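Data from input_10.txt: compact mmCIF, C-alpha atoms
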# COMPACT_ATOMS: atom_id res chain seq x y z
CA MET A 999 14.01 8.54 14.58
CA LYS A 1000 12.38 10.02 17.61
CA GLU A 1001 8.74 10.18 16.45
CA LEU A 1002 8.78 6.54 15.44
CA ARG A 1003 10.44 5.40 18.67
CA GLU A 1004 7.91 7.31 20.78
CA ARG A 1005 5.05 5.80 18.81
CA ILE A 1006 6.38 2.25 19.27
CA ARG A 1007 6.88 2.97 22.97
CA ARG A 1008 3.29 4.17 23.28
CA GLU A 1009 1.42 1.77 20.97
CA GLY A 1010 3.72 -1.11 20.02
CA GLN A 1011 2.89 -4.50 21.52
CA ASN A 1012 5.29 -7.37 22.06
CA LEU A 1013 3.16 -10.40 21.21
CA GLY A 1014 5.93 -12.88 21.96
CA GLY A 1015 7.93 -14.98 19.50
CA GLY A 1016 9.61 -11.84 18.18
CA ILE A 1017 6.34 -10.44 16.84
CA LEU A 1018 5.99 -6.68 17.29
CA LYS A 1019 2.48 -5.43 16.71
CA VAL A 1020 2.42 -1.94 15.21
CA ASP A 1021 -1.01 -2.29 13.61
CA SER A 1022 -2.22 1.07 14.89
CA PHE A 1023 0.21 3.14 12.79
CA VAL A 1024 2.04 0.91 10.25
CA ASN A 1025 0.43 -2.44 9.42
CA HIS A 1026 -3.36 -2.12 9.37
CA GLN A 1027 -4.12 1.41 10.40
CA VAL A 1028 -1.48 3.77 8.99
CA ASP A 1029 -0.52 7.22 10.25
CA PRO A 1030 0.19 9.07 6.99
CA VAL A 1031 1.92 12.01 8.70
CA LEU A 1032 4.36 9.66 10.46
CA MET A 1033 4.89 7.67 7.23
CA ASP A 1034 5.59 10.90 5.37
CA ALA A 1035 8.17 11.90 8.00
CA CYS A 1036 9.80 8.46 7.69
CA GLY A 1037 9.85 8.77 3.90
CA GLN A 1038 11.48 12.16 4.19
CA GLU A 1039 14.13 10.76 6.53
CA PHE A 1040 14.89 7.83 4.16
CA ALA A 1041 15.09 10.28 1.25
CA ARG A 1042 17.62 12.35 3.20
CA ARG A 1043 19.75 9.33 4.10
CA PHE A 1044 19.72 7.83 0.60
CA ALA A 1045 19.71 11.02 -1.50
CA ALA A 1046 23.32 10.62 -2.66
CA LEU A 1047 22.95 7.07 -4.04
CA GLY A 1048 21.45 8.04 -7.41
CA ALA A 1049 18.68 5.43 -7.15
CA THR A 1050 16.35 5.21 -10.15
CA LYS A 1051 13.61 3.17 -8.48
CA VAL A 1052 12.24 2.22 -5.07
CA LEU A 1053 11.31 -1.44 -4.62
CA THR A 1054 9.23 -2.95 -1.84
CA ALA A 1055 6.98 -5.93 -1.13
CA GLU A 1056 3.23 -5.69 -0.77
CA ILE A 1057 1.51 -5.08 1.58
CA SER A 1058 3.11 -3.39 4.56
CA GLY A 1059 6.07 -1.99 2.65
CA ILE A 1060 3.88 0.12 0.39
CA ALA A 1061 3.28 3.07 2.73
CA PRO A 1062 6.92 3.81 3.69
CA ALA A 1063 8.15 3.02 0.16
CA LEU A 1064 5.59 5.36 -1.38
CA THR A 1065 6.49 8.30 0.85
CA THR A 1066 10.22 7.67 0.33
CA ALA A 1067 9.73 7.58 -3.43
CA LEU A 1068 7.66 10.77 -3.26
CA HIS A 1069 10.47 12.63 -1.48
CA LEU A 1070 13.12 11.22 -3.85
CA GLY A 1071 11.00 11.92 -6.95
CA LEU A 1072 11.20 8.27 -8.07
CA PRO A 1073 8.68 5.61 -9.11
CA VAL A 1074 8.05 2.78 -6.66
CA VAL A 1075 7.39 -0.85 -7.57
CA TYR A 1076 5.80 -3.25 -5.11
CA ALA A 1077 6.43 -6.94 -5.63
CA ARG A 1078 3.11 -8.80 -5.78
CA LYS A 1079 2.38 -11.94 -3.77
CA THR A 1080 -0.16 -13.22 -6.28
CA LYS A 1081 0.06 -12.64 -10.00
CA PRO A 1082 -2.78 -10.38 -11.20
CA ILE A 1083 -4.31 -11.02 -14.62
CA THR A 1084 -2.86 -7.72 -15.84
CA MET A 1085 0.67 -9.09 -15.50
CA PRO A 1086 2.35 -10.82 -18.45
CA ASP A 1087 3.20 -14.53 -18.09
CA GLN A 1088 6.94 -13.97 -18.13
CA VAL A 1089 7.81 -12.63 -14.70
CA TYR A 1090 10.52 -12.56 -12.08
CA LEU A 1091 9.39 -14.78 -9.21
CA THR A 1092 11.08 -15.86 -6.02
CA LEU A 1093 10.03 -17.39 -2.71
CA ALA A 1094 10.53 -15.86 0.71
CA PRO A 1095 9.39 -16.95 4.17
CA SER A 1096 6.72 -14.71 5.70
CA HIS A 1097 7.29 -13.86 9.35
CA THR A 1098 3.65 -13.13 10.17
CA LYS A 1099 2.13 -15.82 7.95
CA GLY A 1100 4.34 -18.70 8.98
CA ARG A 1101 4.78 -19.98 5.43
CA MET A 1102 6.58 -19.24 2.16
CA VAL A 1103 5.11 -16.53 -0.04
CA GLU A 1104 5.83 -15.69 -3.65
CA LEU A 1105 7.31 -12.32 -4.59
CA ILE A 1106 6.61 -11.44 -8.22
CA VAL A 1107 7.75 -8.50 -10.32
CA SER A 1108 6.95 -7.81 -13.94
CA PRO A 1109 9.96 -7.26 -16.24
CA GLU A 1110 8.07 -4.23 -17.54
CA TYR A 1111 8.94 -2.22 -14.43
CA LEU A 1112 12.36 -3.48 -13.39
CA ALA A 1113 14.95 -3.00 -16.07
CA ASN A 1114 18.53 -3.94 -16.70
CA GLY A 1115 20.84 -1.27 -15.28
CA GLU A 1116 18.37 0.25 -12.82
CA LYS A 1117 19.68 1.39 -9.43
CA VAL A 1118 17.27 0.06 -6.85
CA LEU A 1119 16.61 1.29 -3.32
CA ILE A 1120 14.73 -1.30 -1.26
CA ILE A 1121 12.38 0.00 1.46
CA ASP A 1122 10.36 -2.21 3.82
CA ASP A 1123 8.57 -1.91 7.13
CA PHE A 1124 10.69 -4.45 9.05
CA LEU A 1125 14.23 -5.76 8.86
CA ALA A 1126 14.17 -9.02 10.83
CA SER A 1127 15.94 -12.05 9.34
CA GLY A 1128 16.35 -10.19 6.06
CA ALA A 1129 14.61 -12.98 4.14
CA THR A 1130 12.01 -10.78 2.42
CA ILE A 1131 14.58 -8.17 1.52
CA LEU A 1132 16.94 -10.83 0.12
CA GLY A 1133 13.98 -12.04 -1.97
CA LEU A 1134 13.63 -8.54 -3.40
CA VAL A 1135 17.40 -8.48 -4.02
CA ARG A 1136 17.13 -11.71 -6.05
CA LEU A 1137 14.30 -10.24 -8.14
CA ALA A 1138 16.30 -7.08 -8.84
CA GLU A 1139 19.41 -9.07 -9.72
CA ALA A 1140 17.40 -11.35 -12.01
CA ALA A 1141 16.34 -8.20 -13.85
CA GLY A 1142 19.94 -7.03 -14.16
CA ALA A 1143 19.33 -4.17 -11.74
CA LYS A 1144 21.77 -3.13 -9.03
CA ILE A 1145 20.84 -2.69 -5.36
CA VAL A 1146 22.18 0.61 -4.03
CA GLY A 1147 20.65 0.68 -0.54
CA VAL A 1148 18.22 -0.90 1.89
CA GLY A 1149 15.97 0.94 4.35
CA ALA A 1150 13.62 -0.39 7.03
CA LEU A 1151 11.38 1.44 9.45
CA ILE A 1152 12.09 -0.98 12.28
CA GLU A 1153 15.01 -3.38 12.67
CA LYS A 1154 15.02 -6.26 15.13
CA THR A 1155 18.77 -6.54 15.54
CA PHE A 1156 18.53 -9.90 17.33
CA GLU A 1157 17.25 -11.66 14.20
CA GLY A 1158 20.42 -11.23 12.17
CA GLY A 1159 19.12 -9.40 9.10
CA ARG A 1160 21.92 -6.86 9.01
CA GLU A 1161 24.56 -9.62 8.87
CA ALA A 1162 22.57 -11.40 6.14
CA LEU A 1163 22.59 -8.21 4.05
CA ARG A 1164 26.29 -7.39 4.64
CA PRO A 1165 27.53 -9.27 1.52
CA LEU A 1166 25.53 -6.81 -0.62
CA GLY A 1167 28.00 -4.09 0.36
CA VAL A 1168 25.35 -1.36 0.36
CA PRO A 1169 24.19 1.04 3.08
CA VAL A 1170 21.50 -0.46 5.33
CA GLU A 1171 19.51 2.17 7.24
CA SER A 1172 16.88 1.46 9.87
CA LEU A 1173 14.98 4.31 11.47
CA ILE A 1174 14.64 2.45 14.78
CA CYS A 1175 16.50 -0.57 16.14
CA ILE A 1176 15.06 -2.96 18.69
CA THR A 1177 17.76 -5.02 20.37
CA SER A 1178 15.64 -7.30 22.54
CA MET A 1179 12.05 -8.43 22.93
CA GLU A 1180 12.54 -10.89 25.76
CA GLY A 1181 9.56 -11.32 28.06
CA ASP A 1182 7.14 -8.53 27.30
CA LYS A 1183 9.84 -5.86 26.90
CA ILE A 1184 10.70 -3.77 23.83
CA VAL A 1185 14.31 -2.60 24.21
CA PHE A 1186 15.64 0.09 21.87
CA GLY A 1187 19.32 0.36 21.02
CA ASN A 1188 22.01 0.97 18.43
CA CYS A 1189 21.60 -0.36 14.91
CA GLY A 1190 25.20 -1.62 14.92
CA MET V 1358 -8.51 15.18 -13.39
CA LYS V 1359 -6.32 16.08 -16.32
CA GLU V 1360 -3.00 14.50 -15.23
CA LEU V 1361 -4.67 11.16 -14.56
CA ARG V 1362 -6.59 11.18 -17.85
CA GLU V 1363 -3.43 11.98 -19.82
CA ARG V 1364 -1.57 9.19 -18.05
CA ILE V 1365 -4.30 6.65 -18.83
CA ARG V 1366 -4.36 7.87 -22.43
CA ARG V 1367 -0.60 7.37 -22.72
CA GLU V 1368 -0.03 4.20 -20.67
CA GLY V 1369 -3.39 2.55 -19.95
CA GLN V 1370 -4.10 -0.69 -21.77
CA ASN V 1371 -7.52 -2.14 -22.53
CA LEU V 1372 -6.95 -5.88 -22.04
CA GLY V 1373 -10.53 -6.81 -22.96
CA GLY V 1374 -13.31 -8.02 -20.69
CA GLY V 1375 -13.44 -4.61 -19.01
CA ILE V 1376 -9.92 -4.93 -17.64
CA LEU V 1377 -7.94 -1.68 -17.72
CA LYS V 1378 -4.25 -2.18 -17.09
CA VAL V 1379 -2.69 0.78 -15.28
CA ASP V 1380 0.19 -1.20 -13.78
CA SER V 1381 2.80 1.40 -14.75
CA PHE V 1382 1.48 4.11 -12.42
CA VAL V 1383 -1.21 2.68 -10.07
CA ASN V 1384 -1.24 -1.10 -9.60
CA HIS V 1385 2.30 -2.48 -9.58
CA GLN V 1386 4.55 0.44 -10.29
CA VAL V 1387 3.19 3.58 -8.62
CA ASP V 1388 3.87 7.20 -9.52
CA PRO V 1389 3.97 8.87 -6.09
CA VAL V 1390 3.75 12.39 -7.48
CA LEU V 1391 0.58 11.54 -9.40
CA MET V 1392 -0.86 9.70 -6.37
CA ASP V 1393 -0.11 12.70 -4.20
CA ALA V 1394 -1.92 14.99 -6.64
CA CYS V 1395 -4.90 12.60 -6.65
CA GLY V 1396 -4.91 12.53 -2.84
CA GLN V 1397 -4.85 16.31 -2.77
CA GLU V 1398 -7.81 16.45 -5.16
CA PHE V 1399 -9.82 13.95 -3.06
CA ALA V 1400 -8.99 15.94 0.06
CA ARG V 1401 -10.29 19.10 -1.63
CA ARG V 1402 -13.51 17.42 -2.76
CA PHE V 1403 -14.22 15.73 0.59
CA ALA V 1404 -12.87 18.39 2.96
CA ALA V 1405 -16.31 19.51 4.18
CA LEU V 1406 -17.57 16.05 5.20
CA GLY V 1407 -15.86 15.93 8.59
CA ALA V 1408 -14.51 12.40 8.04
CA THR V 1409 -12.61 10.89 10.96
CA LYS V 1410 -11.00 8.02 9.05
CA VAL V 1411 -10.12 6.90 5.53
CA LEU V 1412 -10.89 3.26 4.72
CA THR V 1413 -9.61 1.25 1.76
CA ALA V 1414 -8.89 -2.32 0.72
CA GLU V 1415 -5.42 -3.73 0.30
CA ILE V 1416 -3.57 -3.71 -2.01
CA SER V 1417 -4.19 -1.23 -4.78
CA GLY V 1418 -6.26 1.16 -2.69
CA ILE V 1419 -3.42 1.85 -0.29
CA ALA V 1420 -1.54 4.44 -2.35
CA PRO V 1421 -4.45 6.80 -3.14
CA ALA V 1422 -5.99 6.30 0.33
CA LEU V 1423 -2.69 7.13 2.01
CA THR V 1424 -2.15 10.35 0.08
CA THR V 1425 -5.78 11.39 0.62
CA ALA V 1426 -5.47 10.73 4.35
CA LEU V 1427 -2.21 12.69 4.43
CA HIS V 1428 -3.86 15.74 2.91
CA LEU V 1429 -6.91 15.44 5.19
CA GLY V 1430 -4.77 14.83 8.29
CA LEU V 1431 -6.58 11.55 9.07
CA PRO V 1432 -5.50 7.98 9.80
CA VAL V 1433 -6.14 5.40 7.08
CA VAL V 1434 -7.17 1.77 7.63
CA TYR V 1435 -6.74 -0.83 4.92
CA ALA V 1436 -8.94 -3.90 5.08
CA ARG V 1437 -6.77 -7.03 4.99
CA LYS V 1438 -7.46 -9.96 2.68
CA THR V 1439 -5.82 -12.46 5.00
CA LYS V 1440 -5.83 -12.20 8.76
CA PRO V 1441 -2.32 -11.55 10.10
CA ILE V 1442 -1.30 -13.12 13.41
CA THR V 1443 -1.17 -9.66 14.97
CA MET V 1444 -4.94 -9.28 14.58
CA PRO V 1445 -7.29 -10.40 17.39
CA ASP V 1446 -9.68 -13.27 16.70
CA GLN V 1447 -12.79 -11.15 16.89
CA VAL V 1448 -12.91 -9.24 13.61
CA TYR V 1449 -15.24 -7.73 11.07
CA LEU V 1450 -15.12 -9.94 7.98
CA THR V 1451 -17.06 -9.85 4.75
CA LEU V 1452 -16.72 -11.38 1.28
CA ALA V 1453 -16.42 -9.45 -1.97
CA PRO V 1454 -15.78 -10.61 -5.53
CA SER V 1455 -12.38 -9.63 -6.91
CA HIS V 1456 -12.47 -8.28 -10.44
CA THR V 1457 -8.88 -9.15 -11.30
CA LYS V 1458 -8.73 -12.45 -9.39
CA GLY V 1459 -11.99 -13.93 -10.64
CA ARG V 1460 -12.97 -15.22 -7.18
CA MET V 1461 -14.33 -14.08 -3.82
CA VAL V 1462 -11.86 -12.52 -1.41
CA GLU V 1463 -12.22 -11.79 2.29
CA LEU V 1464 -12.08 -8.23 3.58
CA ILE V 1465 -11.14 -8.08 7.25
CA VAL V 1466 -10.91 -5.14 9.64
CA SER V 1467 -10.00 -5.23 13.30
CA PRO V 1468 -12.50 -3.62 15.70
CA GLU V 1469 -9.47 -1.88 17.25
CA TYR V 1470 -9.33 0.59 14.37
CA LEU V 1471 -12.93 1.07 13.28
CA ALA V 1472 -15.10 2.38 16.04
CA ASN V 1473 -18.75 3.08 16.66
CA GLY V 1474 -19.60 6.61 15.53
CA GLU V 1475 -16.66 7.11 13.19
CA LYS V 1476 -17.25 9.01 9.96
CA VAL V 1477 -15.62 7.00 7.20
CA LEU V 1478 -14.40 8.15 3.81
CA ILE V 1479 -13.82 5.19 1.46
CA ILE V 1480 -11.08 5.59 -1.18
CA ASP V 1481 -10.19 2.96 -3.77
CA ASP V 1482 -8.38 2.75 -7.08
CA PHE V 1483 -11.35 1.60 -9.20
CA LEU V 1484 -15.11 1.97 -9.06
CA ALA V 1485 -16.45 -0.78 -11.33
CA SER V 1486 -19.42 -2.85 -10.09
CA GLY V 1487 -19.02 -1.31 -6.64
CA ALA V 1488 -18.74 -4.75 -5.03
CA THR V 1489 -15.47 -4.11 -3.16
CA ILE V 1490 -16.66 -0.71 -1.96
CA LEU V 1491 -19.97 -2.21 -0.77
CA GLY V 1492 -17.90 -4.77 1.13
CA LEU V 1493 -16.06 -1.93 2.87
CA VAL V 1494 -19.43 -0.28 3.59
CA ARG V 1495 -20.66 -3.47 5.29
CA LEU V 1496 -17.52 -3.61 7.46
CA ALA V 1497 -17.95 0.02 8.48
CA GLU V 1498 -21.64 -0.46 9.25
CA ALA V 1499 -20.89 -3.60 11.26
CA ALA V 1500 -18.60 -1.42 13.38
CA GLY V 1501 -21.32 1.18 13.86
CA ALA V 1502 -19.44 3.68 11.71
CA LYS V 1503 -21.11 5.94 9.18
CA ILE V 1504 -20.00 6.26 5.55
CA VAL V 1505 -19.71 9.92 4.55
CA GLY V 1506 -18.23 9.66 1.05
CA VAL V 1507 -16.70 7.39 -1.57
CA GLY V 1508 -13.83 8.28 -3.89
CA ALA V 1509 -12.24 6.32 -6.73
CA LEU V 1510 -9.36 7.19 -9.01
CA ILE V 1511 -11.01 5.62 -12.06
CA GLU V 1512 -14.67 4.79 -12.59
CA LYS V 1513 -15.90 2.46 -15.32
CA THR V 1514 -19.39 3.91 -15.67
CA PHE V 1515 -20.62 0.96 -17.77
CA GLU V 1516 -20.31 -1.46 -14.85
CA GLY V 1517 -23.02 0.11 -12.72
CA GLY V 1518 -21.11 0.89 -9.53
CA ARG V 1519 -22.50 4.40 -9.13
CA GLU V 1520 -26.07 3.06 -9.20
CA ALA V 1521 -25.14 0.35 -6.71
CA LEU V 1522 -23.80 3.02 -4.32
CA ARG V 1523 -26.75 5.44 -4.74
CA PRO V 1524 -28.75 4.01 -1.79
CA LEU V 1525 -25.94 5.13 0.53
CA GLY V 1526 -26.93 8.72 -0.14
CA VAL V 1527 -23.34 9.99 0.07
CA PRO V 1528 -21.17 11.86 -2.43
CA VAL V 1529 -19.37 9.56 -4.87
CA GLU V 1530 -16.40 11.21 -6.56
CA SER V 1531 -14.28 9.67 -9.31
CA LEU V 1532 -11.29 11.52 -10.69
CA ILE V 1533 -11.73 10.03 -14.15
CA CYS V 1534 -14.70 8.28 -15.76
CA ILE V 1535 -14.42 5.77 -18.56
CA THR V 1536 -17.70 5.28 -20.37
CA SER V 1537 -16.77 2.50 -22.78
CA MET V 1538 -14.03 -0.05 -23.35
CA GLU V 1539 -15.49 -1.76 -26.41
CA GLY V 1540 -12.97 -3.23 -28.81
CA ASP V 1541 -9.57 -1.86 -27.84
CA LYS V 1542 -10.83 1.65 -27.12
CA ILE V 1543 -10.76 3.60 -23.85
CA VAL V 1544 -13.47 6.27 -24.04
CA PHE V 1545 -13.51 9.04 -21.41
CA GLY V 1546 -16.73 10.81 -20.47
CA ASN V 1547 -18.91 12.32 -17.77
CA CYS V 1548 -19.21 10.61 -14.40
CA GLY V 1549 -23.01 11.02 -14.49
Have the structure of the file written as structure tokens, please.
Amino acid sequence: MKELRERIRREGQNLGGGILKVDSFVNHQVDPVLMDACGQEFARRFAALGATKVLTAEISGIAPALTTALHLGLPVVYARKTKPITMPDQVYLTLAPSHTKGRMVELIVSPEYLANGEKVLIIDDFLASGATILGLVRLAEAAGAKIVGVGALIEKTFEGGREALRPLGVPVESLICITSMEGDKIVFGNCG
Amino acid sequence: MKELRERIRREGQNLGGGILKVDSFVNHQVDPVLMDACGQEFARRFAALGATKVLTAEISGIAPALTTALHLGLPVVYARKTKPITMPDQVYLTLAPSHTKGRMVELIVSPEYLANGEKVLIIDDFLASGATILGLVRLAEAAGAKIVGVGALIEKTFEGGREALRPLGVPVESLICITSMEGDKIVFGNCG
């Protein structure tokens, strides 16, 4: 997606170690017009899947998942990383490694909002190793829901996430693919 | 706002101790169409203030702040509760008590995205004691920014937040006001 690529080109920073800083429009400051355009594009690509719910992980997945859900006319659920007191004690909980925190985090969803038989579209900001998204997949499967597609704003193809998701047998759509971040470069390429 | 009141009436749960559970459309599962309508209403109410940025706190503030920012054509910044590795070491950081966590949490904003002279509109999901919002005010003031308005989806008038914000001398707008949660009731009323 052209707008997103241009924005990464202009404002993205390669911090080394595979860390792409996009804090000026995705991860701390958010550009709502860009996020809305991304949501619209995801909605277009996934329209035919018959999803009943969008699932993401707090925090950075919320913006693109919300705009996607808005354009698809679906509710969105964000997996929590700490259990709030409003959540019942029986939950779906899994562990996933956090790329930017350097440790395992919990992903928690209440059974109230993820039901048996639901068709779930997962949306997140990054597809890197796929570990967070596979955590969301486990939560959905624990609930008896079916994954129908996975979308990410930005894929780092050199971290192997697409291969990790292949066994799911669902469409995986990234709006931008980055094929290398060696040195201080950010190289764009095909999503493969 | 009628849609929000009807939704609280239908799905809101009074868990006791002043805790209102709205996890089915605001805090865990989100209804994007409702959030978009709320954002549009905030944009209408605050249009004349000349805000340059919307500020909120992760996590639950993100959805209404994003839709408000979309309708105002502004960027939105969400204060982080843990410092990600993409953030520089010099930050604005304050402490605020969390209502649903029962402890103090950090609110952190990078100086990169909150500048001297900015006119900041704060949007959050709840106005209760006002403690989180006053934390955001301190961050903005530390950056040399000026608060121009405060908006909340739901105000619990019996927790004193509106009085706590009065010294700011800015418009405080809540879309729905709840005047009492005694017993298992949820009583709607004037925002005062």
Point to revise | Sel. within 12 Å of pt (14.3, 13.4, -1.8), counting all atoms listed in the file, output as a ChimeraX atom specification | key: /A:1034-1050,1052,1064-1072
Dump C-alpha atoms for the selected residues as a short mmCIF file (atom, residue, chain, number, x, y, z; two decimals), in the coordinates of the input?
data_model
loop_
_atom_site.label_atom_id
_atom_site.label_comp_id
_atom_site.auth_asym_id
_atom_site.auth_seq_id
_atom_site.Cartn_x
_atom_site.Cartn_y
_atom_site.Cartn_z
CA ASP A 1034 5.59 10.90 5.37
CA ALA A 1035 8.17 11.90 8.00
CA CYS A 1036 9.80 8.46 7.69
CA GLY A 1037 9.85 8.77 3.90
CA GLN A 1038 11.48 12.16 4.19
CA GLU A 1039 14.13 10.76 6.53
CA PHE A 1040 14.89 7.83 4.16
CA ALA A 1041 15.09 10.28 1.25
CA ARG A 1042 17.62 12.35 3.20
CA ARG A 1043 19.75 9.33 4.10
CA PHE A 1044 19.72 7.83 0.60
CA ALA A 1045 19.71 11.02 -1.50
CA ALA A 1046 23.32 10.62 -2.66
CA LEU A 1047 22.95 7.07 -4.04
CA GLY A 1048 21.45 8.04 -7.41
CA ALA A 1049 18.68 5.43 -7.15
CA THR A 1050 16.35 5.21 -10.15
CA VAL A 1052 12.24 2.22 -5.07
CA LEU A 1064 5.59 5.36 -1.38
CA THR A 1065 6.49 8.30 0.85
CA THR A 1066 10.22 7.67 0.33
CA ALA A 1067 9.73 7.58 -3.43
CA LEU A 1068 7.66 10.77 -3.26
CA HIS A 1069 10.47 12.63 -1.48
CA LEU A 1070 13.12 11.22 -3.85
CA GLY A 1071 11.00 11.92 -6.95
CA LEU A 1072 11.20 8.27 -8.07
#
Exercise for review: Figure out the distance between atom CA of Ala1453 of chain V and atom CA of Glu1415 of chain V, please, to one decimal in Å.
Suggested key: 12.6 Å
Review point. Leaving out segment 1143-1152 of chain A and any residue of its chain fewer than 3 positions from it, which residues lie within 8 Å of it when counting all atoms listed in the file, given as number ranges by chain?
Key: A: 1036, 1040, 1044, 1047, 1049, 1062, 1112-1125, 1135, 1138-1140, 1166, 1168-1176
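Counting from atom CA of Thr1489 of chain V, the distance to atom CA of Ile1416 of chain V is 12.0 Å.
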**Study point:** Distance-based interface of chain A with chain V, 10 Å, counting all atoms listed in the file, as a ChimeraX atom specification
**Key:** /A:1011-1013,1017-1034,1051-1053,1056-1058,1060-1061,1063-1078,1080-1085,1097-1100,1107-1108,1110-1112
Point to revise | Contacts of Phe1515 of chain V within 12 Å, only C-alpha atoms, excl. fewer than 5 positions in-chain, as a PyMOL selection string | key: chain V and resi 1374-1375+1484-1487+1520-1521+1534-1539+1543-1549
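Counting from atom CA of Arg1160 of chain A, the distance to atom CA of Ala1129 of chain A is 10.7 Å.
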